[in-house]
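Colleague: One structure follows; several queries about it will come next.
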Amino acid sequence: MIGELDSDVVVRYFRGKSILITGSTGFLGKGTVPLHACMNSSSYYSFRVSAQCMAVLVEKILRVQPDVKKLFLLIRSADVKSAKQRVETEVTGREIFQILKEKHGNGFEGFIQEKVCPLPGDIMYENLGLGPAKLREIWKEIDIIVNGAATTNFYERYDVAFDTNVMGAKHICEFAKRCSKLKMLLHVSTAYVAGEQEGIVLEKPFHLGETLREGTHLDIESELNLIKETRRELKTNRSSEKAERRTMKELGLNRAREFGWPNTYVFTKAMGEMLLGHLRGDLPVVIVQPSIITSVLNEPLPGWMEGIRTIDSFIIGYAKQALSIFLVDLDLIMDVIPGDMVVNGMMVAMAAHSEEQAQQQSIYHLTSSVRHPAPYAVLAECVHRYFLHNPLMRSGGKNSEPLRPSRMRFFRTLPRFRAYMAVKFRLPLEVLRLLNIALCAAFSRRYHELGRKYRYVMHIAELYAPYALFKGCFDDSNTERLRAAMASNDGQDKRSRGYENFGFDPKCIDWDDYFYRVHIPGVVKYLCD
């Protein structure tokens, strides 16, 4: 039962709390993403999106409640020194901490040292890889655990994704049960654990063994044994690193599709949820399931983002005129949610559930498709209009010219898209290949350029087809109850008197204005070369 909530209650709740946060740093470095990286790999959509939300969470807690006792950040690193360095460069050194820096001035570093404690460790290991002395200290200290650590690479190696998204959930649950004064565990998942379901997708837990394909049963222990056996076979056969990587990626994708999920990422996240539900006992658990997380809408820095998400590949490809076609049904609903709204929803959920006597598991969709749907057509029109008025410049020094965008062609189905690609690219590629043979590689350069573009376009289409053609809408009845509890007590009078904003209602978003004035400029600033 959700009690009375308002912004002041949420802010007060975090006073004096010690919070363990995982996933505040990703496994990849900061920086923009070059187009050739997008063309050659799916790994660019990896880790940073989760890390983006966790960084925004750390910043907001420190900004609205400076009397929080301690934020323990679990950092994958060799020792305390390197963990501190990662926090400085990948968390507190980010641009979104500018408001805090201005607020504290010369005292900023001292404030961070007092409130933020980096912990070298990893959720892939039992006890999070922490030593006995540190464990005893932490188990007595922690009030709340926020688990945001994940690999979000759609086609990650099965062993890597399983270790992080499945075993990581198990380890964090076992750790949480040893914390003597823990009030709750909040686990960040994704709404797309629903796979490719159509219609209304409910906010409901996965049960152990449940799958999305009728007539199948999932045994997580058997999946772990399969991974171990595959590793042994690869080692016995002395497979190359490249062959091992390919085998483990294919294994993950095949296992995901065997049970009805479109990729390794959402498959392993679903298994992680199953284990949490099965192992938690009487531990209070909240699972938040955002849809596609986009740039910050309001605070601390509109447009800020890290990591390319689904729609950004389309935006960047169009801006650089590397994409002339795209696989998407413009009439379908595009479910996106700004990163600061995700964080606001998380903080309100923590305050709402931590003091409950009933030890339950709650699930919240942080989504927009039911509450305030926007079709893909809105994004397509905004992207064309933005780059028509604000074109990128061709690389060419002083004489560089603007890249004038042309209208993109869209395909509603994968078969039609593949047929077009066969005529537009594969046939010319075969002709060029034969000419190359006949004319001593006279067309090699053109052949490789066309081949690279073909692989890029096909890769993007295959990667994002489950999302660009998704025909479901995420029910948010539980989330709406949270919003209603806040709205009933958080009136305009309080907001006008300077109370902190914890809004997470997508209905307040003007999608056209958000994409044109906030998100697309953010993509250009933070993700484009």
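Just remember, in the structure tokens the first chain shown is A, the second B, etc., residues are 1-based per chain, and ligands are 1-based in the order shown.
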Write out as a PyMOL selection string each polymer residue whose atoms come within 12 Å of Ser395 (chain A), counting only C-alpha atoms; drop sequence neighbours fewer than 6 positions from it.
Modeller: chain A and resi 320+401-403+529
Colleague: For N, CA, C and O atoms, I'd like the residues from the last selection saved as a JSON list (two decimals), in the first residue's frame.
Modeller:
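To be explicit, this is the file written out as part.json:
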```json
[["chain", "number", "residue", "atom", "x", "y", "z"],
["A", 320, "LYS", "N", 24.39, 12.00, -40.91],
["A", 320, "LYS", "CA", 25.62, 11.85, -41.69],
["A", 320, "LYS", "C", 25.36, 11.30, -43.08],
["A", 320, "LYS", "O", 26.29, 11.02, -43.83],
["A", 401, "GLU", "N", 31.41, 21.53, -46.63],
["A", 401, "GLU", "CA", 30.07, 21.94, -47.02],
["A", 401, "GLU", "C", 29.03, 21.24, -46.16],
["A", 401, "GLU", "O", 29.28, 20.16, -45.62],
["A", 402, "PRO", "N", 27.86, 21.85, -46.02],
["A", 402, "PRO", "CA", 26.81, 21.20, -45.23],
["A", 402, "PRO", "C", 26.28, 19.95, -45.91],
["A", 402, "PRO", "O", 26.20, 19.88, -47.14],
["A", 403, "LEU", "N", 25.94, 18.97, -45.08],
["A", 403, "LEU", "CA", 25.33, 17.74, -45.58],
["A", 403, "LEU", "C", 23.82, 17.97, -45.67],
["A", 403, "LEU", "O", 23.12, 18.01, -44.66],
["A", 529, "ASP", "N", 30.67, 12.68, -33.96],
["A", 529, "ASP", "CA", 32.06, 13.16, -34.02],
["A", 529, "ASP", "C", 32.09, 14.63, -34.35],
["A", 529, "ASP", "O", 31.27, 15.10, -35.14]]
```
Colleague: Can you write out as JSON lines which residues of region 445-509 of chain A fall within 8 Å of region 321-339 of chain A, alongside each residue's closest atom pair and its distance in Å to one decimal, counting only C-alpha atoms and ordering rows by chain and ascending residue number?
Modeller:
```
{"residue": "A:Lys453", "atom": "CA", "partner": "A:Ala322", "partner_atom": "CA", "distance": 7.6}
{"residue": "A:Val457", "atom": "CA", "partner": "A:Leu323", "partner_atom": "CA", "distance": 7.0}
{"residue": "A:Ala461", "atom": "CA", "partner": "A:Leu327", "partner_atom": "CA", "distance": 5.8}
{"residue": "A:Ala465", "atom": "CA", "partner": "A:Leu327", "partner_atom": "CA", "distance": 6.9}
{"residue": "A:Ala468", "atom": "CA", "partner": "A:Val328", "partner_atom": "CA", "distance": 4.9}
{"residue": "A:Leu469", "atom": "CA", "partner": "A:Val328", "partner_atom": "CA", "distance": 5.9}
{"residue": "A:Phe470", "atom": "CA", "partner": "A:Leu332", "partner_atom": "CA", "distance": 7.4}
{"residue": "A:Lys471", "atom": "CA", "partner": "A:Leu332", "partner_atom": "CA", "distance": 6.8}
{"residue": "A:Cys473", "atom": "CA", "partner": "A:Ile333", "partner_atom": "CA", "distance": 7.8}
{"residue": "A:Pro506", "atom": "CA", "partner": "A:Ile337", "partner_atom": "CA", "distance": 7.2}
```
Colleague: Do a neighbour search on Pro118 (chain A) at 8 Å with only C-alpha atoms, toss out local chain neighbours closer than 5 positions, and write the hits as a list in words.
Modeller: Phe72, Leu73, Leu74, Ile75, Val80, Ala83, Lys84 and Val87 of chain A
Colleague: For Glu141 (chain A), which of A:Val343, A:Ile19, A:Leu128, A:Met248 is the closest residue, counting only C-alpha atoms?
Modeller: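 Between A:Val343, A:Ile19, A:Leu128, A:Met248, the residue approaching Glu141 (chain A) most closely is A:Ile19.
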Colleague: List the neighbours of Met271 (chain A) out to 9 Å using only C-alpha atoms; skip same-chain residues closer than 3 positions along the sequence, and give me the result as a tab-separated table (two decimals) with all heavy atoms, in the first residue's frame.
Modeller:
```tsv
chain	number	residue	atom	x	y	z
A	162	PHE	N	25.41	-13.77	-19.23
A	162	PHE	CA	24.90	-14.62	-18.16
A	162	PHE	C	25.56	-14.27	-16.83
A	162	PHE	O	24.89	-14.14	-15.80
A	162	PHE	CB	25.13	-16.09	-18.50
A	162	PHE	CG	24.32	-17.06	-17.69
A	162	PHE	CD1	23.10	-17.53	-18.16
A	162	PHE	CD2	24.76	-17.50	-16.45
A	162	PHE	CE1	22.35	-18.43	-17.41
A	162	PHE	CE2	24.02	-18.40	-15.70
A	162	PHE	CZ	22.80	-18.85	-16.18
A	165	ASN	N	24.14	-10.40	-16.04
A	165	ASN	CA	22.70	-10.15	-15.93
A	165	ASN	C	21.95	-11.22	-15.14
A	165	ASN	O	20.87	-10.95	-14.60
A	165	ASN	CB	22.08	-10.02	-17.32
A	165	ASN	CG	22.62	-8.82	-18.08
A	165	ASN	OD1	23.23	-7.94	-17.50
A	165	ASN	ND2	22.41	-8.80	-19.38
A	166	VAL	N	22.49	-12.44	-15.09
A	166	VAL	CA	21.81	-13.53	-14.38
A	166	VAL	C	22.50	-13.80	-13.04
A	166	VAL	O	21.90	-13.63	-11.98
A	166	VAL	CB	21.77	-14.81	-15.24
A	166	VAL	CG1	20.96	-15.90	-14.52
A	166	VAL	CG2	21.18	-14.53	-16.61
A	169	ALA	N	22.45	-10.82	-10.70
A	169	ALA	CA	21.21	-10.65	-9.94
A	169	ALA	C	21.18	-11.60	-8.74
A	169	ALA	O	20.73	-11.22	-7.64
A	169	ALA	CB	20.01	-10.90	-10.85
A	206	PHE	N	8.22	-12.45	-13.67
A	206	PHE	CA	8.50	-13.73	-14.31
A	206	PHE	C	8.66	-14.78	-13.22
A	206	PHE	O	9.33	-14.55	-12.21
A	206	PHE	CB	9.80	-13.65	-15.12
A	206	PHE	CG	9.62	-13.13	-16.51
A	206	PHE	CD1	10.01	-11.83	-16.84
A	206	PHE	CD2	9.07	-13.92	-17.50
A	206	PHE	CE1	9.85	-11.35	-18.12
A	206	PHE	CE2	8.90	-13.44	-18.80
A	206	PHE	CZ	9.29	-12.15	-19.11
A	208	LEU	N	10.06	-18.59	-12.12
A	208	LEU	CA	11.19	-19.44	-12.47
A	208	LEU	C	10.75	-20.51	-13.48
A	208	LEU	O	9.77	-21.21	-13.27
A	208	LEU	CB	11.74	-20.13	-11.22
A	208	LEU	CG	13.16	-20.68	-11.32
A	208	LEU	CD1	14.17	-19.56	-11.51
A	208	LEU	CD2	13.51	-21.47	-10.06
A	209	GLY	N	11.49	-20.59	-14.61
A	209	GLY	CA	11.18	-21.57	-15.64
A	209	GLY	C	10.26	-21.07	-16.72
A	209	GLY	O	10.08	-21.73	-17.75
A	218	LEU	N	12.29	-23.34	-19.16
A	218	LEU	CA	13.64	-22.82	-19.01
A	218	LEU	C	14.24	-23.26	-17.68
A	218	LEU	O	13.68	-23.00	-16.62
A	218	LEU	CB	13.61	-21.29	-19.09
A	218	LEU	CG	14.93	-20.55	-18.87
A	218	LEU	CD1	15.96	-20.93	-19.91
A	218	LEU	CD2	14.69	-19.03	-18.90
A	220	ILE	N	17.47	-22.60	-15.60
A	220	ILE	CA	18.63	-21.70	-15.55
A	220	ILE	C	19.90	-22.46	-15.21
A	220	ILE	O	20.98	-22.16	-15.75
A	220	ILE	CB	18.36	-20.55	-14.55
A	220	ILE	CG1	17.20	-19.69	-15.06
A	220	ILE	CG2	19.62	-19.70	-14.36
A	220	ILE	CD1	16.81	-18.56	-14.14
A	266	VAL	N	17.83	-9.19	-23.53
A	266	VAL	CA	16.55	-9.26	-22.83
A	266	VAL	C	16.31	-10.66	-22.25
A	266	VAL	O	15.64	-10.81	-21.22
A	266	VAL	CB	15.38	-8.84	-23.75
A	266	VAL	CG1	15.49	-7.35	-24.06
A	266	VAL	CG2	15.34	-9.65	-25.04
A	267	PHE	N	16.87	-11.69	-22.91
A	267	PHE	CA	16.77	-13.06	-22.40
A	267	PHE	C	17.44	-13.18	-21.03
A	267	PHE	O	16.86	-13.68	-20.06
A	267	PHE	CB	17.40	-14.01	-23.41
A	267	PHE	CG	17.46	-15.45	-23.00
A	267	PHE	CD1	16.37	-16.08	-22.42
A	267	PHE	CD2	18.60	-16.20	-23.23
A	267	PHE	CE1	16.42	-17.43	-22.05
A	267	PHE	CE2	18.67	-17.54	-22.88
A	267	PHE	CZ	17.58	-18.15	-22.29
A	268	THR	N	18.67	-12.69	-20.93
A	268	THR	CA	19.40	-12.80	-19.66
A	268	THR	C	18.82	-11.87	-18.60
A	268	THR	O	18.83	-12.21	-17.41
A	268	THR	CB	20.90	-12.52	-19.86
A	268	THR	OG1	21.08	-11.27	-20.54
A	268	THR	CG2	21.56	-13.63	-20.68
A	274	MET	N	13.82	-13.60	-12.84
A	274	MET	CA	13.32	-14.87	-12.30
A	274	MET	C	14.06	-15.26	-11.02
A	274	MET	O	13.44	-15.65	-10.02
A	274	MET	CB	13.48	-15.98	-13.33
A	274	MET	CG	12.61	-15.86	-14.55
A	274	MET	SD	12.98	-17.21	-15.73
A	274	MET	CE	12.29	-16.52	-17.23
A	275	LEU	N	15.38	-15.15	-11.06
A	275	LEU	CA	16.17	-15.53	-9.88
A	275	LEU	C	15.89	-14.61	-8.70
A	275	LEU	O	15.81	-15.06	-7.56
A	275	LEU	CB	17.66	-15.52	-10.23
A	275	LEU	CG	18.20	-16.71	-11.02
A	275	LEU	CD1	19.71	-16.60	-11.20
A	275	LEU	CD2	17.87	-18.03	-10.31
A	276	LEU	N	15.75	-13.31	-8.96
A	276	LEU	CA	15.44	-12.38	-7.87
A	276	LEU	C	14.12	-12.76	-7.20
A	276	LEU	O	14.02	-12.81	-5.97
A	276	LEU	CB	15.33	-10.95	-8.42
A	276	LEU	CG	16.59	-10.12	-8.48
A	276	LEU	CD1	16.28	-8.73	-9.03
A	276	LEU	CD2	17.23	-9.98	-7.10
```
Colleague: Quick check for you: according to DSSP on this backbone, which residues of region 85-260 of chain A are classed as strand (DSSP E or B)? Reply as a list in words.
Modeller: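 So, restricting region 85-260 of chain A to strand (DSSP E or B), we get Val116, Cys117, Pro118, Leu119, Pro120, Ile144, Ile145, Val146, Asn147, Met184, Leu185, Leu186, His187, Val188, Gly199, Ile200 and Val201 of chain A.
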Colleague: Excluding Ser368 (chain A) and residues on its chain fewer than 4 positions from it, collect all residues at most 12 Å away from it, counting only C-alpha atoms, and give them as a compact mmCIF listing (two decimals) with all heavy atoms, in the first residue's frame.
Modeller:
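Saved to part-v8.txt:
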```
# COMPACT_ATOMS: atom_id res chain seq x y z
N ALA A 191 11.74 -2.95 -19.86
CA ALA A 191 10.39 -3.35 -20.22
C ALA A 191 10.40 -4.42 -21.31
O ALA A 191 9.44 -5.20 -21.43
CB ALA A 191 9.59 -2.13 -20.68
N GLN A 289 11.26 -1.20 -14.79
CA GLN A 289 11.45 -1.65 -16.17
C GLN A 289 11.24 -0.48 -17.12
O GLN A 289 10.13 -0.25 -17.60
CB GLN A 289 10.48 -2.79 -16.49
CG GLN A 289 10.68 -4.04 -15.65
CD GLN A 289 9.67 -5.12 -15.97
OE1 GLN A 289 8.57 -4.84 -16.46
NE2 GLN A 289 10.01 -6.37 -15.70
N PRO A 290 12.29 0.29 -17.40
CA PRO A 290 12.16 1.38 -18.37
C PRO A 290 12.06 0.82 -19.79
O PRO A 290 12.49 -0.30 -20.07
CB PRO A 290 13.46 2.18 -18.20
CG PRO A 290 14.16 1.59 -17.01
CD PRO A 290 13.64 0.21 -16.83
N SER A 291 11.51 1.63 -20.68
CA SER A 291 11.54 1.27 -22.10
C SER A 291 12.85 1.81 -22.68
O SER A 291 13.91 1.61 -22.08
CB SER A 291 10.30 1.82 -22.82
OG SER A 291 10.16 3.21 -22.58
N ILE A 292 12.83 2.48 -23.81
CA ILE A 292 14.05 3.04 -24.40
C ILE A 292 14.37 4.35 -23.67
O ILE A 292 13.61 5.31 -23.74
CB ILE A 292 13.88 3.29 -25.91
CG1 ILE A 292 13.58 1.97 -26.63
CG2 ILE A 292 15.14 3.93 -26.49
CD1 ILE A 292 13.13 2.15 -28.07
N ILE A 293 15.49 4.37 -22.96
CA ILE A 293 15.86 5.55 -22.17
C ILE A 293 16.54 6.56 -23.08
O ILE A 293 17.52 6.26 -23.76
CB ILE A 293 16.80 5.17 -21.02
CG1 ILE A 293 16.14 4.12 -20.12
CG2 ILE A 293 17.19 6.40 -20.20
CD1 ILE A 293 17.06 3.55 -19.06
N THR A 294 16.01 7.78 -23.07
CA THR A 294 16.56 8.84 -23.93
C THR A 294 17.19 9.94 -23.07
O THR A 294 17.30 9.81 -21.86
CB THR A 294 15.46 9.41 -24.83
OG1 THR A 294 14.33 9.79 -24.03
CG2 THR A 294 15.01 8.37 -25.85
N ILE A 333 3.78 2.68 -32.22
CA ILE A 333 4.14 3.53 -31.08
C ILE A 333 5.60 3.33 -30.72
O ILE A 333 6.10 2.22 -30.62
CB ILE A 333 3.26 3.21 -29.86
CG1 ILE A 333 1.78 3.43 -30.19
CG2 ILE A 333 3.67 4.05 -28.66
CD1 ILE A 333 1.45 4.82 -30.66
N MET A 334 6.28 4.43 -30.54
CA MET A 334 7.68 4.44 -30.12
C MET A 334 7.70 4.69 -28.62
O MET A 334 7.31 5.77 -28.16
CB MET A 334 8.41 5.56 -30.87
CG MET A 334 9.76 5.95 -30.34
SD MET A 334 10.36 7.44 -31.19
CE MET A 334 9.03 8.61 -30.88
N ASP A 335 8.12 3.70 -27.84
CA ASP A 335 8.09 3.87 -26.39
C ASP A 335 9.45 4.32 -25.88
O ASP A 335 10.40 3.55 -25.82
CB ASP A 335 7.68 2.57 -25.70
CG ASP A 335 7.16 2.83 -24.30
OD1 ASP A 335 7.85 3.54 -23.54
OD2 ASP A 335 6.06 2.35 -23.98
N VAL A 336 9.54 5.61 -25.56
CA VAL A 336 10.78 6.17 -25.02
C VAL A 336 10.46 6.92 -23.73
O VAL A 336 9.32 7.35 -23.50
CB VAL A 336 11.46 7.13 -26.02
CG1 VAL A 336 11.87 6.40 -27.29
CG2 VAL A 336 10.56 8.31 -26.37
N ILE A 337 11.47 7.07 -22.88
CA ILE A 337 11.29 7.79 -21.62
C ILE A 337 12.60 8.50 -21.27
O ILE A 337 13.67 7.89 -21.30
CB ILE A 337 10.86 6.82 -20.49
CG1 ILE A 337 10.43 7.58 -19.24
CG2 ILE A 337 11.92 5.79 -20.21
CD1 ILE A 337 9.03 8.12 -19.32
N PRO A 338 12.57 9.81 -21.00
CA PRO A 338 13.80 10.54 -20.67
C PRO A 338 14.47 10.01 -19.40
O PRO A 338 13.80 9.57 -18.46
CB PRO A 338 13.30 11.98 -20.47
CG PRO A 338 12.06 12.07 -21.29
CD PRO A 338 11.41 10.72 -21.16
N MET A 341 13.40 11.24 -15.92
CA MET A 341 12.12 10.70 -15.46
C MET A 341 12.29 9.30 -14.89
O MET A 341 11.61 8.93 -13.91
CB MET A 341 11.10 10.69 -16.60
CG MET A 341 10.52 12.05 -16.93
SD MET A 341 9.06 11.91 -17.97
CE MET A 341 8.44 13.59 -17.87
N VAL A 342 13.18 8.51 -15.48
CA VAL A 342 13.47 7.18 -14.95
C VAL A 342 14.02 7.31 -13.53
O VAL A 342 13.57 6.61 -12.61
CB VAL A 342 14.46 6.43 -15.85
CG1 VAL A 342 14.88 5.10 -15.21
CG2 VAL A 342 13.86 6.17 -17.22
N HIS A 372 1.13 8.26 -22.78
CA HIS A 372 1.28 9.38 -23.74
C HIS A 372 2.00 8.87 -24.99
O HIS A 372 3.18 9.15 -25.20
CB HIS A 372 2.06 10.51 -23.08
CG HIS A 372 2.12 11.77 -23.89
ND1 HIS A 372 1.07 12.23 -24.64
CD2 HIS A 372 3.13 12.68 -24.05
CE1 HIS A 372 1.41 13.38 -25.22
NE2 HIS A 372 2.66 13.65 -24.89
N PRO A 373 1.30 8.10 -25.84
CA PRO A 373 1.96 7.46 -26.99
C PRO A 373 2.40 8.45 -28.05
O PRO A 373 1.76 9.46 -28.30
CB PRO A 373 0.86 6.53 -27.53
CG PRO A 373 -0.42 7.14 -27.09
CD PRO A 373 -0.14 7.77 -25.76
N ALA A 374 3.53 8.13 -28.66
CA ALA A 374 4.04 8.92 -29.79
C ALA A 374 4.45 7.95 -30.89
O ALA A 374 5.24 7.05 -30.66
CB ALA A 374 5.24 9.76 -29.36
N PRO A 375 3.91 8.11 -32.11
CA PRO A 375 4.32 7.23 -33.21
C PRO A 375 5.72 7.57 -33.71
O PRO A 375 6.21 8.70 -33.51
CB PRO A 375 3.26 7.50 -34.28
CG PRO A 375 2.78 8.88 -33.99
CD PRO A 375 2.87 9.06 -32.50
N GLY A 472 3.52 -3.97 -29.13
CA GLY A 472 2.94 -3.99 -27.80
C GLY A 472 2.90 -2.61 -27.18
O GLY A 472 3.54 -1.67 -27.66
N CYS A 473 2.13 -2.47 -26.11
CA CYS A 473 2.10 -1.25 -25.30
C CYS A 473 2.23 -1.67 -23.84
O CYS A 473 1.62 -2.65 -23.41
CB CYS A 473 0.79 -0.49 -25.50
SG CYS A 473 0.65 0.32 -27.10
N PHE A 474 3.03 -0.93 -23.09
CA PHE A 474 3.33 -1.32 -21.72
C PHE A 474 2.34 -0.70 -20.73
O PHE A 474 2.33 0.52 -20.54
CB PHE A 474 4.77 -0.91 -21.37
CG PHE A 474 5.81 -1.60 -22.20
CD1 PHE A 474 6.50 -0.91 -23.19
CD2 PHE A 474 6.07 -2.96 -22.03
CE1 PHE A 474 7.44 -1.54 -23.96
CE2 PHE A 474 7.02 -3.59 -22.81
CZ PHE A 474 7.71 -2.89 -23.78
N ASP A 475 1.54 -1.55 -20.13
CA ASP A 475 0.63 -1.10 -19.08
C ASP A 475 1.44 -0.48 -17.95
O ASP A 475 2.50 -0.99 -17.58
CB ASP A 475 -0.17 -2.30 -18.56
CG ASP A 475 -0.98 -1.96 -17.33
OD1 ASP A 475 -1.85 -1.09 -17.44
OD2 ASP A 475 -0.72 -2.55 -16.26
N ASP A 476 0.95 0.61 -17.40
CA ASP A 476 1.67 1.27 -16.30
C ASP A 476 0.73 1.60 -15.14
O ASP A 476 0.86 2.65 -14.51
CB ASP A 476 2.40 2.52 -16.79
CG ASP A 476 1.45 3.58 -17.36
OD1 ASP A 476 0.26 3.26 -17.56
OD2 ASP A 476 1.91 4.71 -17.60
N SER A 477 -0.15 0.66 -14.83
CA SER A 477 -1.12 0.89 -13.74
C SER A 477 -0.43 1.07 -12.40
O SER A 477 -0.79 1.94 -11.60
CB SER A 477 -2.10 -0.29 -13.66
OG SER A 477 -2.82 -0.42 -14.86
N THR A 479 2.67 2.10 -11.91
CA THR A 479 3.39 3.38 -11.97
C THR A 479 2.43 4.54 -11.83
O THR A 479 2.74 5.54 -11.17
CB THR A 479 4.15 3.49 -13.30
OG1 THR A 479 4.97 2.33 -13.48
CG2 THR A 479 5.04 4.72 -13.33
N GLU A 480 1.25 4.40 -12.41
CA GLU A 480 0.25 5.47 -12.30
C GLU A 480 -0.19 5.68 -10.85
O GLU A 480 -0.44 6.82 -10.43
CB GLU A 480 -0.95 5.16 -13.20
CG GLU A 480 -2.05 6.21 -13.17
CD GLU A 480 -1.57 7.62 -13.51
OE1 GLU A 480 -0.54 7.77 -14.21
OE2 GLU A 480 -2.22 8.58 -13.04
N PHE A 504 7.56 12.21 -13.17
CA PHE A 504 7.88 11.15 -14.13
C PHE A 504 6.65 10.77 -14.94
O PHE A 504 6.44 9.61 -15.30
CB PHE A 504 8.49 9.92 -13.43
CG PHE A 504 7.69 9.35 -12.29
CD1 PHE A 504 6.99 8.16 -12.45
CD2 PHE A 504 7.65 9.97 -11.05
CE1 PHE A 504 6.26 7.62 -11.40
CE2 PHE A 504 6.92 9.43 -9.99
CZ PHE A 504 6.23 8.25 -10.17
N ASP A 505 5.83 11.77 -15.22
CA ASP A 505 4.64 11.57 -16.03
C ASP A 505 4.94 12.00 -17.47
O ASP A 505 5.10 13.18 -17.75
CB ASP A 505 3.48 12.39 -15.48
CG ASP A 505 2.17 12.08 -16.18
OD1 ASP A 505 2.20 11.37 -17.21
OD2 ASP A 505 1.11 12.56 -15.72
N PRO A 506 5.02 11.04 -18.41
CA PRO A 506 5.34 11.40 -19.79
C PRO A 506 4.27 12.27 -20.45
O PRO A 506 4.51 12.86 -21.50
CB PRO A 506 5.46 10.04 -20.50
CG PRO A 506 4.68 9.09 -19.66
CD PRO A 506 4.82 9.58 -18.25
N LYS A 507 3.08 12.35 -19.82
CA LYS A 507 2.02 13.16 -20.41
C LYS A 507 2.39 14.64 -20.46
O LYS A 507 1.81 15.41 -21.24
CB LYS A 507 0.73 12.97 -19.60
CG LYS A 507 -0.52 13.23 -20.41
CD LYS A 507 -1.75 12.62 -19.73
CE LYS A 507 -2.96 12.73 -20.66
NZ LYS A 507 -4.14 12.07 -20.06
N CYS A 508 3.36 15.05 -19.66
CA CYS A 508 3.77 16.46 -19.66
C CYS A 508 4.73 16.77 -20.80
O CYS A 508 5.12 17.93 -20.99
CB CYS A 508 4.42 16.81 -18.33
SG CYS A 508 6.09 16.15 -18.14
N ILE A 509 5.13 15.76 -21.58
CA ILE A 509 6.12 15.96 -22.65
C ILE A 509 5.44 16.32 -23.96
O ILE A 509 4.51 15.63 -24.40
CB ILE A 509 6.98 14.70 -22.86
CG1 ILE A 509 7.67 14.28 -21.57
CG2 ILE A 509 8.01 14.92 -23.96
CD1 ILE A 509 8.39 12.94 -21.67
N TRP A 511 6.23 15.83 -27.40
CA TRP A 511 7.22 15.00 -28.06
C TRP A 511 7.93 15.74 -29.19
O TRP A 511 9.16 15.62 -29.36
CB TRP A 511 6.58 13.72 -28.60
CG TRP A 511 6.18 12.75 -27.54
CD1 TRP A 511 4.93 12.30 -27.24
CD2 TRP A 511 7.05 12.09 -26.59
NE1 TRP A 511 4.95 11.41 -26.19
CE2 TRP A 511 6.25 11.26 -25.77
CE3 TRP A 511 8.43 12.13 -26.37
CZ2 TRP A 511 6.76 10.48 -24.76
CZ3 TRP A 511 8.96 11.34 -25.35
CH2 TRP A 511 8.14 10.53 -24.56
```
Colleague: Which polymer residues have any atom within 12 Å of an atom of Leu226 (chain A), counting only C-alpha atoms, with same-chain residues fewer than 4 positions away left out, as a PyMOL selection string?
Modeller: chain A and resi 158-159+162+219-222+230-233+248+251-252+255
Colleague: So how many Å separate CA of Leu5 (chain A) and CA of Met486 (chain A), to one decimal?
Modeller: 5.1 Å
Colleague: DSSP on the backbone, helix (DSSP H, G or I) only: what residues of region 345-495 of chain A does that give? Format it as a ChimeraX atom specification.
Modeller: /A:345-353,376-389,397-399,414-438,444-468,477-489,492-495
Colleague: Compile the contact shell of region 422-426 of chain A as an mmCIF file with C-alpha atoms, in the first residue's frame: residues with an atom at most 9 Å away, counting only C-alpha atoms, same-chain residues fewer than 5 positions apart removed.
Modeller:
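Result saved to out39.cif:
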```cif
data_model
loop_
_atom_site.group_PDB
_atom_site.id
_atom_site.type_symbol
_atom_site.label_atom_id
_atom_site.label_comp_id
_atom_site.auth_asym_id
_atom_site.auth_seq_id
_atom_site.Cartn_x
_atom_site.Cartn_y
_atom_site.Cartn_z
ATOM 1 C CA PHE A 417 13.244 -4.521 -46.548
ATOM 2 C CA VAL A 431 28.361 -7.304 -60.418
ATOM 3 C CA LEU A 450 29.309 -0.539 -50.979
ATOM 4 C CA GLY A 451 29.874 -3.746 -49.029
ATOM 5 C CA LYS A 453 27.326 0.238 -46.299
ATOM 6 C CA TYR A 454 25.302 -2.906 -47.037
#
```
